[in-house]
>>> print(open('my_file.txt').read())   # compact mmCIF, C-alpha atoms and all ligand atoms
# COMPACT_ATOMS: atom_id res chain seq x y z
CA MET A 24 -22.08 47.38 31.68
CA SER A 25 -22.69 46.42 28.02
CA ASP A 26 -19.65 48.40 26.85
CA VAL A 27 -17.34 46.31 29.06
CA ILE A 28 -18.46 42.90 27.78
CA SER A 29 -15.42 41.45 26.03
CA ALA A 30 -15.52 40.09 22.50
CA GLU A 31 -15.50 36.59 24.04
CA GLY A 32 -18.54 37.36 26.20
CA PHE A 33 -16.91 37.97 29.59
CA ALA A 34 -18.44 40.69 31.77
CA PRO A 35 -17.18 41.98 35.11
CA LEU A 36 -19.55 40.96 37.92
CA ARG A 37 -19.18 42.38 41.41
CA ILE A 38 -18.74 39.93 44.28
CA LYS A 39 -21.68 40.74 46.53
CA ARG A 40 -20.86 38.29 49.33
CA VAL A 41 -18.23 35.70 50.25
CA VAL A 42 -19.39 32.79 52.39
CA GLN A 43 -16.83 30.47 54.01
CA GLU A 44 -18.63 27.14 53.61
CA THR A 45 -15.91 24.89 55.09
CA SER A 46 -12.23 25.40 55.87
CA ASP A 47 -11.42 24.79 52.19
CA ALA A 48 -14.44 26.02 50.23
CA VAL A 49 -15.99 29.44 49.66
CA SER A 50 -19.17 30.53 47.96
CA LEU A 51 -19.10 33.71 45.92
CA VAL A 52 -22.40 35.47 45.41
CA LEU A 53 -22.23 37.54 42.24
CA ASP A 54 -24.16 40.70 41.57
CA VAL A 55 -25.83 40.65 38.16
CA PRO A 56 -27.05 44.12 37.16
CA GLU A 57 -30.68 44.19 36.01
CA HIS A 58 -29.84 45.28 32.46
CA CYS A 59 -27.71 42.20 31.75
CA SER A 60 -29.65 39.66 33.83
CA HIS A 61 -30.83 37.91 30.63
CA ARG A 62 -27.19 36.94 29.87
CA TYR A 63 -26.85 35.09 33.17
CA ARG A 64 -30.13 33.16 33.19
CA TYR A 65 -29.33 29.49 33.67
CA ARG A 66 -30.69 26.01 34.14
CA ALA A 67 -29.95 24.08 37.31
CA GLY A 68 -26.72 22.09 36.83
CA GLN A 69 -25.02 24.57 34.48
CA PHE A 70 -21.69 26.31 35.03
CA LEU A 71 -20.03 29.68 34.49
CA THR A 72 -16.60 30.28 33.02
CA VAL A 73 -14.51 32.55 35.21
CA ARG A 74 -11.50 34.36 33.76
CA VAL A 75 -8.79 35.53 36.14
CA HIS A 76 -5.23 36.82 35.94
CA VAL A 77 -2.83 35.18 38.36
CA GLU A 78 0.83 36.16 38.32
CA GLY A 79 0.47 37.68 34.87
CA ARG A 80 -1.24 34.65 33.32
CA GLU A 81 -4.81 34.62 32.05
CA LEU A 82 -6.58 31.50 33.29
CA ARG A 83 -10.11 30.24 32.78
CA ARG A 84 -11.97 27.76 34.95
CA CYS A 85 -15.52 26.41 35.07
CA TYR A 86 -17.59 26.70 38.24
CA SER A 87 -21.10 25.30 38.52
CA MET A 88 -23.87 27.36 40.01
CA SER A 89 -24.59 26.20 43.55
CA SER A 90 -27.61 28.50 43.59
CA ALA A 91 -30.79 27.44 41.81
CA PRO A 92 -32.64 29.43 39.11
CA LEU A 93 -35.48 30.02 41.58
CA ASP A 94 -33.10 32.03 43.82
CA ASP A 95 -32.69 35.74 43.31
CA GLU A 96 -28.93 35.45 43.44
CA LEU A 97 -26.17 33.86 41.37
CA ARG A 98 -23.71 31.85 43.44
CA ILE A 99 -20.72 29.64 42.71
CA THR A 100 -18.83 27.54 45.25
CA VAL A 101 -15.11 26.89 44.89
CA LYS A 102 -13.23 24.19 46.76
CA ARG A 103 -9.46 24.35 47.10
CA ASP A 104 -7.70 21.83 44.86
CA ARG A 105 -4.38 20.91 46.45
CA GLY A 106 -1.67 22.52 44.32
CA GLY A 107 -4.28 24.13 42.06
CA ILE A 108 -3.83 27.74 40.97
CA VAL A 109 -7.26 29.30 40.52
CA SER A 110 -9.22 27.53 43.27
CA ASN A 111 -6.64 28.55 45.90
CA TRP A 112 -6.34 32.04 44.49
CA LEU A 113 -10.12 32.52 44.72
CA ASN A 114 -10.25 31.07 48.24
CA ASP A 115 -7.39 33.34 49.34
CA THR A 116 -8.22 36.59 47.60
CA ALA A 117 -11.90 36.84 46.58
CA ALA A 118 -13.47 39.60 48.65
CA GLU A 119 -16.77 41.44 48.86
CA GLY A 120 -16.77 44.34 46.41
CA GLY A 121 -14.17 42.72 44.15
CA GLU A 122 -14.84 41.83 40.52
CA LEU A 123 -14.81 38.57 38.59
CA HIS A 124 -14.89 38.32 34.80
CA VAL A 125 -17.56 35.81 33.95
CA ALA A 126 -18.92 34.36 30.69
CA PRO A 127 -22.59 33.34 30.40
CA PRO A 128 -23.81 29.96 31.71
CA GLU A 129 -23.35 26.78 29.72
CA GLY A 130 -23.58 23.05 30.21
CA ARG A 131 -25.78 20.05 29.67
CA PHE A 132 -25.83 18.53 33.14
CA VAL A 133 -29.44 19.62 33.47
CA LEU A 134 -32.83 18.14 34.31
CA PRO A 135 -34.42 16.27 31.40
CA GLU A 136 -37.32 18.01 29.71
CA ALA A 137 -39.27 14.88 28.97
CA THR A 138 -39.34 12.52 31.95
CA ALA A 139 -42.39 12.11 34.16
CA ASP A 140 -42.93 13.53 37.62
CA SER A 141 -43.28 9.97 38.87
CA ASP A 142 -39.67 9.17 37.89
CA ALA A 143 -37.31 9.46 40.83
CA LEU A 144 -34.20 11.61 40.73
CA VAL A 145 -31.15 9.97 42.27
CA ALA A 146 -28.01 12.04 42.81
CA PHE A 147 -24.52 11.03 43.87
CA ALA A 148 -22.19 13.86 44.91
CA GLY A 149 -18.63 13.68 46.15
CA GLY A 150 -16.91 16.69 47.76
CA SER A 151 -17.23 19.81 45.59
CA GLY A 152 -19.46 17.80 43.22
CA ILE A 153 -22.35 18.89 45.45
CA THR A 154 -22.44 22.31 43.71
CA PRO A 155 -24.46 21.43 40.57
CA ILE A 156 -26.26 18.64 42.45
CA MET A 157 -27.53 21.09 45.07
CA SER A 158 -28.98 23.22 42.30
CA LEU A 159 -30.58 20.22 40.57
CA VAL A 160 -32.01 18.74 43.76
CA ARG A 161 -33.50 22.02 44.97
CA THR A 162 -35.01 22.70 41.55
CA ALA A 163 -36.52 19.22 41.24
CA LEU A 164 -38.04 19.47 44.72
CA ALA A 165 -39.43 22.95 44.18
CA GLU A 166 -40.68 22.59 40.63
CA SER A 167 -41.84 18.98 40.34
CA ALA A 168 -43.44 16.27 42.42
CA ARG A 169 -40.48 13.91 41.94
CA SER A 170 -39.01 11.99 44.82
CA VAL A 171 -35.30 12.65 45.26
CA ARG A 172 -32.54 10.52 46.76
CA LEU A 173 -29.21 12.20 47.45
CA PHE A 174 -26.05 10.30 48.40
CA TYR A 175 -23.28 12.71 49.45
CA ALA A 176 -19.76 11.39 50.06
CA ASN A 177 -17.04 13.26 51.93
CA ARG A 178 -13.83 12.47 53.79
CA GLY A 179 -15.57 13.33 57.07
CA PRO A 180 -18.29 15.56 58.54
CA ASP A 181 -16.02 18.64 58.51
CA SER A 182 -15.75 18.58 54.69
CA VAL A 183 -19.51 18.65 54.07
CA ILE A 184 -20.43 21.75 52.05
CA PHE A 185 -24.00 23.05 52.62
CA SER A 186 -24.44 20.84 55.68
CA ASP A 187 -27.11 23.04 57.29
CA ALA A 188 -28.91 23.83 54.04
CA LEU A 189 -29.14 20.11 53.26
CA ALA A 190 -30.48 19.30 56.73
CA ARG A 191 -33.14 22.00 56.32
CA LEU A 192 -34.07 20.66 52.90
CA ALA A 193 -34.42 17.10 54.24
CA GLU A 194 -36.71 18.38 57.00
CA ARG A 195 -38.83 20.49 54.67
CA TYR A 196 -39.29 17.73 52.10
CA ASP A 197 -39.28 14.77 54.48
CA ASP A 198 -41.89 12.97 52.34
CA ARG A 199 -39.86 13.27 49.08
CA LEU A 200 -36.16 13.67 49.89
CA VAL A 201 -33.89 10.95 51.23
CA LEU A 202 -30.45 12.32 52.17
CA GLN A 203 -27.65 9.92 52.96
CA HIS A 204 -24.25 11.20 54.02
CA HIS A 205 -21.23 8.94 53.53
CA TYR A 206 -18.02 9.59 55.46
CA ASP A 207 -14.82 7.86 54.37
CA SER A 208 -13.58 8.36 57.94
CA ASP A 209 -16.36 6.01 59.18
CA SER A 210 -16.76 3.46 56.43
CA GLY A 211 -13.92 3.82 53.89
CA VAL A 212 -14.37 4.96 50.31
CA VAL A 213 -17.69 4.48 48.53
CA THR A 214 -18.11 0.94 47.18
CA ALA A 215 -20.18 -0.47 44.32
CA SER A 216 -22.42 -2.29 46.80
CA ALA A 217 -23.16 0.97 48.69
CA VAL A 218 -24.22 2.51 45.36
CA ALA A 219 -26.31 -0.51 44.36
CA SER A 220 -28.14 -0.58 47.67
CA PHE A 221 -28.87 3.17 47.48
CA VAL A 222 -30.60 2.80 44.09
CA ALA A 223 -32.26 -0.55 44.79
CA GLY A 224 -36.02 -0.39 44.40
CA THR A 225 -36.02 3.17 43.04
CA GLY A 226 -37.83 2.17 39.83
CA THR A 227 -37.44 4.41 36.79
CA ALA A 228 -34.96 7.10 37.73
CA ASP A 229 -32.65 9.75 36.32
CA CYS A 230 -29.25 9.51 37.97
CA TYR A 231 -26.86 12.46 38.32
CA VAL A 232 -23.24 11.96 39.36
CA CYS A 233 -20.56 14.56 40.12
CA GLY A 234 -17.43 14.20 42.21
CA PRO A 235 -13.76 13.17 42.16
CA ALA A 236 -12.69 10.83 39.33
CA PRO A 237 -12.40 7.58 41.36
CA PHE A 238 -15.77 8.22 43.03
CA MET A 239 -17.39 8.83 39.64
CA GLU A 240 -15.92 5.67 38.20
CA THR A 241 -17.25 3.53 41.06
CA VAL A 242 -20.71 5.09 40.90
CA GLU A 243 -20.95 4.97 37.09
CA ASN A 244 -19.91 1.31 36.90
CA ALA A 245 -22.24 0.31 39.71
CA LEU A 246 -25.21 2.11 38.13
CA VAL A 247 -24.59 0.61 34.71
CA SER A 248 -24.23 -2.88 36.27
CA SER A 249 -27.50 -2.34 38.11
CA GLY A 250 -29.21 -2.00 34.71
CA LEU A 251 -29.63 1.79 34.54
CA PRO A 252 -30.04 2.78 30.85
CA ARG A 253 -27.21 5.05 29.63
CA ALA A 254 -29.72 7.72 28.61
CA ARG A 255 -30.74 8.05 32.26
CA LEU A 256 -27.17 8.51 33.49
CA HIS A 257 -25.91 12.11 33.69
CA LEU A 258 -22.25 12.72 34.51
CA GLU A 259 -20.40 15.97 35.20
CA ARG A 260 -16.63 15.58 35.40
CA PHE A 261 -14.60 18.31 37.09
CA THR A 262 -11.29 16.57 36.45
CA VAL A 263 -9.83 14.79 33.48
CA ALA A 264 -8.73 11.19 32.98
CA GLN A 265 -5.12 10.41 32.02
CA VAL A 266 -4.53 10.05 28.27
CA PRO A 267 -3.61 6.40 27.56
CA PRO A 268 -0.08 5.96 26.14
CA GLY A 269 0.22 5.69 22.35
CA VAL A 270 -2.99 7.63 21.57
CA THR A 271 -1.12 10.54 19.98
CA ASP A 272 1.45 8.47 18.08
CA ASP A 273 0.21 9.10 14.52
CA CYS A 274 -1.38 12.50 15.16
CA GLY A 275 -0.33 15.59 13.26
CA GLU A 276 2.55 13.90 11.43
CA ALA A 277 1.20 14.61 7.97
CA THR A 278 -0.85 17.68 8.74
CA GLU A 279 0.01 20.81 6.78
CA GLU A 280 -2.87 23.19 7.22
CA VAL A 281 -5.98 23.80 9.26
CA VAL A 282 -8.84 25.82 7.81
CA ILE A 283 -10.96 27.46 10.49
CA ASP A 284 -14.37 29.11 10.07
CA LEU A 285 -15.28 31.36 13.01
CA ASP A 286 -17.71 34.27 13.30
CA GLY A 287 -18.29 34.51 9.56
CA SER A 288 -14.64 34.57 8.46
CA ARG A 289 -12.28 31.86 7.23
CA VAL A 290 -8.61 31.55 8.13
CA THR A 291 -6.11 29.02 6.81
CA ALA A 292 -3.36 28.33 9.35
CA ALA A 293 -0.13 26.39 8.91
CA TYR A 294 -0.10 23.47 11.37
CA ARG A 295 2.59 23.16 14.03
CA ALA A 296 3.16 19.59 15.22
CA GLY A 297 1.72 18.80 18.65
CA ASN A 298 -0.84 21.61 18.72
CA THR A 299 -4.52 21.01 19.23
CA LEU A 300 -7.07 22.57 16.90
CA LEU A 301 -7.81 25.16 19.58
CA GLN A 302 -4.14 26.09 19.94
CA THR A 303 -3.89 26.32 16.16
CA ALA A 304 -6.84 28.71 16.07
CA ARG A 305 -5.31 30.85 18.82
CA LEU A 306 -1.94 31.01 17.08
CA ALA A 307 -3.78 32.19 13.99
CA GLY A 308 -5.06 35.12 16.06
CA LEU A 309 -8.63 33.84 16.38
CA LYS A 310 -10.67 34.24 19.55
CA ALA A 311 -12.03 30.71 19.52
CA PRO A 312 -14.26 29.80 22.49
CA TYR A 313 -12.89 27.67 25.34
CA SER A 314 -13.14 27.22 29.06
CA CYS A 315 -11.86 24.12 30.90
CA GLU A 316 -9.33 22.91 28.29
CA THR A 317 -9.69 19.40 29.73
CA GLY A 318 -12.46 18.02 27.49
CA SER A 319 -15.11 18.36 30.20
CA CYS A 320 -17.26 21.39 29.44
CA GLY A 321 -18.00 21.42 25.68
CA THR A 322 -17.43 25.18 25.27
CA CYS A 323 -14.82 24.66 22.53
CA MET A 324 -16.88 22.30 20.34
CA ALA A 325 -16.73 22.70 16.57
CA ARG A 326 -17.46 20.48 13.58
CA ILE A 327 -14.93 18.93 11.25
CA VAL A 328 -16.29 19.17 7.71
CA ASP A 329 -13.18 17.89 5.93
CA GLY A 330 -10.27 15.78 7.16
CA SER A 331 -10.00 14.12 10.56
CA ALA A 332 -8.75 14.56 14.12
CA ARG A 333 -8.45 12.46 17.26
CA MET A 334 -9.70 13.57 20.67
CA LEU A 335 -7.45 12.87 23.65
CA ASN A 336 -10.34 13.17 26.06
CA ASN A 337 -14.06 13.60 25.58
CA ASP A 338 -16.35 13.95 28.57
CA ALA A 339 -18.73 16.35 26.87
CA LEU A 340 -19.94 15.05 23.48
CA ASP A 341 -22.22 12.06 22.98
CA ASP A 342 -21.71 9.34 20.37
CA ASP A 343 -24.20 10.87 17.90
CA GLU A 344 -22.40 14.23 17.99
CA VAL A 345 -19.02 12.59 17.41
CA GLU A 346 -20.58 10.64 14.53
CA GLU A 347 -21.76 13.96 13.02
CA GLY A 348 -18.21 15.31 13.08
CA TRP A 349 -18.28 17.36 16.28
CA VAL A 350 -15.04 17.53 18.21
CA LEU A 351 -13.73 19.26 21.32
CA THR A 352 -11.10 21.46 19.74
CA CYS A 353 -9.11 21.73 23.00
CA GLN A 354 -8.58 17.96 22.87
CA SER A 355 -8.25 17.38 19.12
CA LEU A 356 -5.05 16.60 17.27
CA PRO A 357 -5.38 16.42 13.47
CA THR A 358 -4.75 13.11 11.71
CA SER A 359 -5.10 14.13 8.05
CA ARG A 360 -3.09 16.38 5.74
CA ARG A 361 -5.74 19.10 5.79
CA VAL A 362 -8.46 19.70 8.34
CA HIS A 363 -11.38 22.08 7.93
CA VAL A 364 -13.07 22.97 11.21
CA VAL A 365 -16.20 25.08 11.61
CA TYR A 366 -17.28 26.83 14.83
CA GLU A 367 -21.09 27.11 14.56
C1 LIG B 401 -18.01 21.78 34.07
C2 LIG B 401 -17.14 21.99 35.30
C3 LIG B 401 -17.71 22.52 36.45
C4 LIG B 401 -16.92 22.71 37.60
N1 LIG B 401 -17.51 23.18 38.74
C5 LIG B 401 -16.77 23.33 39.87
C6 LIG B 401 -17.38 23.79 41.08
O1 LIG B 401 -18.57 24.08 41.14
N2 LIG B 401 -16.60 23.93 42.18
C7 LIG B 401 -15.25 23.63 42.16
O2 LIG B 401 -14.59 23.79 43.20
N3 LIG B 401 -14.66 23.17 41.02
C8 LIG B 401 -15.37 23.03 39.88
N4 LIG B 401 -14.78 22.60 38.73
C9 LIG B 401 -13.32 22.40 38.71
C10 LIG B 401 -12.65 23.74 38.42
O3 LIG B 401 -12.99 24.19 37.11
C11 LIG B 401 -11.11 23.66 38.47
O4 LIG B 401 -10.68 22.62 37.66
C12 LIG B 401 -10.62 23.46 39.88
O5 LIG B 401 -11.01 24.56 40.70
C13 LIG B 401 -9.07 23.36 39.90
O6 LIG B 401 -8.55 24.50 39.30
P1 LIG B 401 -7.15 25.08 39.79
O7 LIG B 401 -6.78 26.20 38.89
O8 LIG B 401 -7.19 25.35 41.26
O9 LIG B 401 -6.21 23.86 39.59
P2 LIG B 401 -5.12 23.68 38.41
O10 LIG B 401 -4.03 24.64 38.59
O11 LIG B 401 -5.85 23.61 37.12
O12 LIG B 401 -4.59 22.24 38.80
C14 LIG B 401 -5.52 21.12 38.88
C15 LIG B 401 -4.83 19.94 39.55
O13 LIG B 401 -3.77 19.49 38.74
C16 LIG B 401 -2.58 19.46 39.48
N5 LIG B 401 -1.50 19.88 38.57
C17 LIG B 401 -1.39 21.07 37.95
N6 LIG B 401 -0.29 21.08 37.17
C18 LIG B 401 0.29 19.87 37.31
C19 LIG B 401 1.43 19.24 36.76
N7 LIG B 401 2.22 19.88 35.91
N8 LIG B 401 1.69 17.97 37.12
C20 LIG B 401 0.90 17.31 37.99
N9 LIG B 401 -0.19 17.84 38.54
C21 LIG B 401 -0.49 19.10 38.19
C22 LIG B 401 -2.76 20.43 40.63
O14 LIG B 401 -1.97 20.07 41.74
C23 LIG B 401 -4.22 20.28 40.91
O15 LIG B 401 -4.47 19.21 41.79
C24 LIG B 401 -15.54 22.39 37.58
C25 LIG B 401 -14.97 21.88 36.39
C26 LIG B 401 -15.75 21.69 35.27
C27 LIG B 401 -15.11 21.15 34.03
S1 LIG B 402 -12.68 23.95 26.62
FE1 LIG B 402 -13.91 22.61 27.84
S2 LIG B 402 -14.10 20.86 26.53
FE2 LIG B 402 -12.71 22.15 25.46
>>> encode(input="my_file.txt", output="structure tokens")
Amino acid sequence: MSDVISAEGFAPLRIKRVVQETSDAVSLVLDVPEHCSHRYRYRAGQFLTVRVHVEGRELRRCYSMSSAPLDDELRITVKRDRGGIVSNWLNDTAAEGGELHVAPPEGRFVLPEATADSDALVAFAGGSGITPIMSLVRTALAESARSVRLFYANRGPDSVIFSDALARLAERYDDRLVLQHHYDSDSGVVTASAVASFVAGTGTADCYVCGPAPFMETVENALVSSGLPRARLHLERFTVAQVPPGVTDDCGEATEEVVIDLDGSRVTAAYRAGNTLLQTARLAGLKAPYSCETGSCGTCMARIVDGSARMLNNDALDDDEVEEGWVLTCQSLPTSRRVHVVYE
């Protein structure tokens, strides 16, 4: 296996099993050979980058582990995105015995190291957002004494992924797990008051949120209004917000060159207007790391040590990192004559 790991860290993993979870979501159980199992160790809440070729194009997408580290299998769950290329391709074509090229796990949507067992864990999942949440919830229940509250929103009962597994979990941990399903078909979309009442009286809690953009916005705003400290709020965005008009107006106009340090070598590239730092690195022939290309995953992060750039979207870096010069290169347009960017 080691001789087929690509320079960018992708290895072919065999699909051991395909499970049809709902009419529009499949789980893919991946076979990790013993000798490279260390590369695919993960923390609950992390994701894999999958690289596929569809109609001659190489595409990369992130998929969170829906399995938990305590399981002896690695599983992702992919929900069809209407009009989306890779999610539909995987749902239509992934088959037992097939191969997927997969990079090692990444991501920071993980359980905190430092909080106490007495702190509750509250999770809000919408649709396919259950994948990392399932992993987090199962891990917290199995490996700590924390009480867990899970609010899971779907259009209706037929769209619920892991319905049976969740019911079994609620039965097994009936003293520590509260599971509340929300169906839009019964009560409309999730409202701020539904969120506020679900967290009311929870005390000190870590809150995890993953789901469609409007769902996440409602939950995030409601939690912040309820007084939850930002440090206790953990968000995983699968989709990207629209870039506000005017943000790119003065970007790249005066930029002439981008200096890029990667893997111990330095390349100076002429800048082409409109390109991000990641695109500039690729045009210069560099194999710079990336995955989602939407500003969500953090795989492409690098530090600007000279010059400046503006990010179109940032759902991965915190304020301190941005202050230190870190940027998401897939979202960064230069704003100075020369930019020096370092992949560390
Ligand atoms: C950290 C992370 C973890 C994730 N984990 C999971 C997971 O566990 N499970 C899961 O199912 N998904 C997950 N995702 C989402 C996943 O990575 C993909 O984004 C998703 O599967 C859609 O990919 P796609 O190729 O099918 O859609 P794409 O082809 O990328 O299209 C996405 C959407 O944009 C629309 N679109 C595309 N082009 C245009 C255009 N020109 N104009 C207007 N609209 C357009 C499409 O109709 C579609 O709705 C995760 C994402 C991230 C960032
Ligand atoms: S590739 Fe995911 S944030 Fe840039």
>>> closest_residue(input="my_file.txt", among="A:Arg333, A:Arg64, A:Arg260, A:His205", to="Asn298 of chain A", atoms="all atoms listed in the file")
A:Arg333
>>> atom_distance(input="my_file.txt", atom1="atom CA of Pro235 of chain A", atom2="atom CA of Phe261 of chain A")
7.3 Å
>>> closest_residue(input="my_file.txt", among="A:Ile327, A:Leu159, A:Ala148, A:Ser216", to="Glu344 of chain A", atoms="only C-alpha atoms")
A:Ile327
>>> residues_near_ligand(input="my_file.txt", ligand="ligand LIG 401 (chain B)", cutoff="6 Å", atoms="all atoms listed in the file", output="list in words")
Phe70, Arg84, Cys85, Tyr86, Ser87, Thr100, Val101, Lys102, Asp104, Arg105, Gly106, Gly107, Ile108, Val109, Ser110, Asn111, Ser151, Thr154, Arg260, Phe261, Cys315, Ser319 and Cys320 of chain A
>>> residues_near_ligand(input="my_file.txt", ligand="ligand LIG 402 (chain B)", cutoff="8 Å", atoms="only C-alpha atoms and all ligand atoms", output="PyMOL selection string")
chain A and resi 312-324+337-339+351-354
>>> closest_atom_pairs(input="my_file.txt", of="segment 126-178 of chain A", to="segment 32-51 of chain A", cutoff="12 Å", atoms="all atoms listed in the file", output="JSON lines")
{"residue": "A:Ala126", "atom": "CA", "partner": "A:Phe33", "partner_atom": "CA", "distance": 4.3}
{"residue": "A:Pro127", "atom": "CA", "partner": "A:Gly32", "partner_atom": "CA", "distance": 7.1}
{"residue": "A:Pro128", "atom": "CA", "partner": "A:Gly32", "partner_atom": "CA", "distance": 10.6}
{"residue": "A:Gly150", "atom": "CA", "partner": "A:Ala48", "partner_atom": "CA", "distance": 10.0}
{"residue": "A:Ser151", "atom": "CA", "partner": "A:Ala48", "partner_atom": "CA", "distance": 8.2}
{"residue": "A:Gly152", "atom": "CA", "partner": "A:Ala48", "partner_atom": "CA", "distance": 11.9}
{"residue": "A:Ile153", "atom": "CA", "partner": "A:Ala48", "partner_atom": "CA", "distance": 11.7}
{"residue": "A:Thr154", "atom": "CA", "partner": "A:Ser50", "partner_atom": "CA", "distance": 9.8}
>>> write_last_selection(input="my_file.txt", atoms="C-alpha atoms", output="mmCIF file, in the frame of the given file")
data_model
loop_
_atom_site.group_PDB
_atom_site.id
_atom_site.type_symbol
_atom_site.label_atom_id
_atom_site.label_comp_id
_atom_site.auth_asym_id
_atom_site.auth_seq_id
_atom_site.Cartn_x
_atom_site.Cartn_y
_atom_site.Cartn_z
ATOM 1 C CA ALA A 126 -18.920 34.360 30.690
ATOM 2 C CA PRO A 127 -22.590 33.340 30.400
ATOM 3 C CA PRO A 128 -23.810 29.960 31.710
ATOM 4 C CA GLY A 150 -16.910 16.690 47.760
ATOM 5 C CA SER A 151 -17.230 19.810 45.590
ATOM 6 C CA GLY A 152 -19.460 17.800 43.220
ATOM 7 C CA ILE A 153 -22.350 18.890 45.450
ATOM 8 C CA THR A 154 -22.440 22.310 43.710
#
>>> residues_near_point(input="my_file.txt", point="(-1.5, 27.1, 16.2)", cutoff="10 Å", atoms="only C-alpha atoms", output="short mmCIF file (atom, residue, chain, number, x, y, z; two decimals) with C-alpha atoms, in the frame of the given file")
data_model
loop_
_atom_site.label_atom_id
_atom_site.label_comp_id
_atom_site.auth_asym_id
_atom_site.auth_seq_id
_atom_site.Cartn_x
_atom_site.Cartn_y
_atom_site.Cartn_z
CA GLU A 280 -2.87 23.19 7.22
CA VAL A 281 -5.98 23.80 9.26
CA ALA A 292 -3.36 28.33 9.35
CA ALA A 293 -0.13 26.39 8.91
CA TYR A 294 -0.10 23.47 11.37
CA ARG A 295 2.59 23.16 14.03
CA ALA A 296 3.16 19.59 15.22
CA GLY A 297 1.72 18.80 18.65
CA ASN A 298 -0.84 21.61 18.72
CA THR A 299 -4.52 21.01 19.23
CA LEU A 300 -7.07 22.57 16.90
CA LEU A 301 -7.81 25.16 19.58
CA GLN A 302 -4.14 26.09 19.94
CA THR A 303 -3.89 26.32 16.16
CA ALA A 304 -6.84 28.71 16.07
CA ARG A 305 -5.31 30.85 18.82
CA LEU A 306 -1.94 31.01 17.08
CA ALA A 307 -3.78 32.19 13.99
CA GLY A 308 -5.06 35.12 16.06
CA LEU A 309 -8.63 33.84 16.38
#
>>> residues_around(input="my_file.txt", residues="Glu367 of chain A", least_positions_apart="4", cutoff="9 Å", atoms="all atoms listed in the file", output="ChimeraX atom specification")
/A:284-286,324-326
>>> closest_residue(input="my_file.txt", among="A:Arg98, A:Ser158, A:Ala223, A:Tyr196", to="Ser248 of chain A", atoms="only C-alpha atoms")
A:Ala223
>>> closest_residue(input="my_file.txt", among="A:Thr225, A:Thr116, A:Thr162, A:Ser210", to="Gly250 of chain A", atoms="all atoms listed in the file")
A:Thr225
>>> closest_residue(input="my_file.txt", among="A:Thr241, A:Ala188, A:Ser141, A:Val201", to="Thr214 of chain A", atoms="all atoms listed in the file")
A:Thr241
>>> atom_distance(input="my_file.txt", atom1="atom CA of Asp343 of chain A", atom2="atom CA of Thr262 of chain A")
23.3 Å
>>> atom_distance(input="my_file.txt", atom1="atom CA of Val75 of chain A", atom2="atom CA of Leu335 of chain A")
25.9 Å
>>> axis_aligned_box(input="my_file.txt", around="segment 147-159 of chain A", padding_each_side="5 Å", output="JSON")
{"center_x": -23.7, "center_y": 17.1, "center_z": 44.2, "size_x": 23.7, "size_y": 22.2, "size_z": 17.2}
>>> residues_around(input="my_file.txt", residues="segment 169-184 of chain A", least_positions_apart="2", cutoff="6 Å", atoms="all atoms listed in the file", output="list in words")
Glu44, Asp140, Ser141, Ala143, Leu144, Val145, Ala146, Phe147, Ala148, Gly149, Gly150, Ser167, Ser186, Arg199, Leu200, Val201, Leu202, Gln203, His204, His205, Tyr206, Asp207 and Ser208 of chain A
